[in-house]
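**Q** Could you have a look at this structure, given as structure tokens, before my questions?
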Amino acid sequence: MGILTVHLDRITNLADEDHIGNSDPYVKFELEQDNLFVDKDFGEMVSTKKKDEQNPVYGEDFHFNIPTLNNMELTVKVMDDDVGFDEKLGKCKIKLEDLGLSEEPMEIEKKVDNNVFSPDAYIYLKISYSE
């Protein structure tokens with residue numbers, strides 16, 4: 001088994017979806033193996049919540065035990081912690097086998113939201129894989 005390490009650095013330019021107050025963003029990571037017939041789930045992990053923050057800084061690490069990088073896809077959802085149900089602020093998918101990952105962390109910058117009236121929102125990660 002190998003270990004996939006995802007370092008959540010920060011997010012920039014999140015749109016404020018709350019009409020009262022600011023968004024309280026957190027990130028949900030979902031890892032699955034995208035197979036031809038049956039996908040295999042390797043779990044999900046959630047970051048801390050950042051209150052009233054449009055440019056949150058996290059500095060958090062997440063570790064997934066996985067057998068291989070083949071067909072692995074990391075879904076990254078940026079959510080707003082709300083009373084009732086949480087709202088999605090942005091999302092991206094990362095195909096891990098295409099990255100050529102190693103034990104040396106690779107910096108990843110991905111767009112998570114297209115903002116019409118302001119700069120687009122980006123998430124900044126460092127991802128590594130060791131066997």
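Ordering of the structure tokens sets the chain letters (A, B, ...), residue numbers begin anew at 1 in every chain, and ligands are numbered from 1 in the order given.
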Find the spatial neighbours of Leu101 of chain A, counting only C-alpha atoms, within a cut-off of 8 Å - ignore same-chain residues fewer than 4 positions away - and output them as a ChimeraX atom specification.
**A** /A:96-97,105-106,127-129
**Q** Using only C-alpha atoms, which protein or nucleic acid residues come within 7 Å of Ile123 of chain A? Drop anything in the same chain fewer than 6 positions from it, and give the result as a ChimeraX atom specification.
**A** /A:10-12,109-112
**Q** Find the distance between atom CA of Gly59 of chain A and atom CA of Val76 of chain A and write it in Å to one decimal.
**A**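 These two atoms are separated by 15.7 Å.
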**Q** Using only C-alpha atoms, determine which residues lie at most 9 Å from Asn35 of chain A, disregarding the query and same-chain residues fewer than 5 positions distant; provide the list as a list in words.
**A** Lys40, Asn71 and Met72 of chain A
**Q** Choose the residue, out of A:Leu69, A:Val78, A:Cys92, A:Leu31, that has the smallest atom-to-atom separation from Pro56 of chain A; count only C-alpha atoms.
**A** A:Val78
**Q** Given only C-alpha atoms as the basis, pick out the residue of A:Asn55, A:Thr68, A:Ser102, A:Ser130 nearest to Ala15 of chain A.
**A**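 Closest to Ala15 of chain A, using only C-alpha atoms: A:Asn55.
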**Q** Show me, as an MDAnalysis selection string, the residues that have an atom within 12 Å of Pro25 of chain A when counting only C-alpha atoms, minus same-chain residues fewer than 4 positions from it.
**A** chainID A and resid 10:18 46:58 77:82 86:90 123
**Q** Which one of A:Leu36, A:Leu125, A:Val6, A:Val116 sits closest to His63 of chain A if you count only C-alpha atoms?
**A** A:Val6
**Q** Extract the full set of strand (DSSP E or B) residues from segment 16-62 of chain A according to DSSP on the backbone, and format it as a list in words.
**A**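 Checking each residue of segment 16-62 of chain A, the strand (DSSP E or B) ones are Pro25, Tyr26, Val27, Lys28, Phe29, Glu30, Leu31, Glu32, Gln33, Lys40, Asp41, Phe42, Gly43, Glu44, Met45, Val46, Val57, Tyr58, Gly59, Glu60, Asp61 and Phe62 of chain A.
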**Q** Choose the residue, out of A:Asp61, A:Glu103, A:Asp98, A:Asp34, that has the smallest atom-to-atom separation from Thr75 of chain A; count only C-alpha atoms.
**A**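 Selected residue with least distance to Thr75 of chain A: A:Asp34.
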**Q** Take atom CA of Phe37 of chain A and atom CA of Ile3 of chain A and report the distance between them in Å, one decimal.
**A**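 Computing it gives 24.8 Å between the two atoms.
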**Q** Restricting the calculation to only C-alpha atoms, which member of A:Phe117, A:Phe62, A:Tyr26, A:Tyr124 is positioned closest to Leu4 of chain A?
**A**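 Going through A:Phe117, A:Phe62, A:Tyr26, A:Tyr124 one by one, the smallest distance to Leu4 of chain A is for A:Phe62.
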**Q** Between atom CA of Pro67 of chain A and atom CA of Glu107 of chain A, what is the distance in Å, rounded to a tenth?
**A**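 Separation of atom CA of Pro67 of chain A and atom CA of Glu107 of chain A: 22.4 Å.
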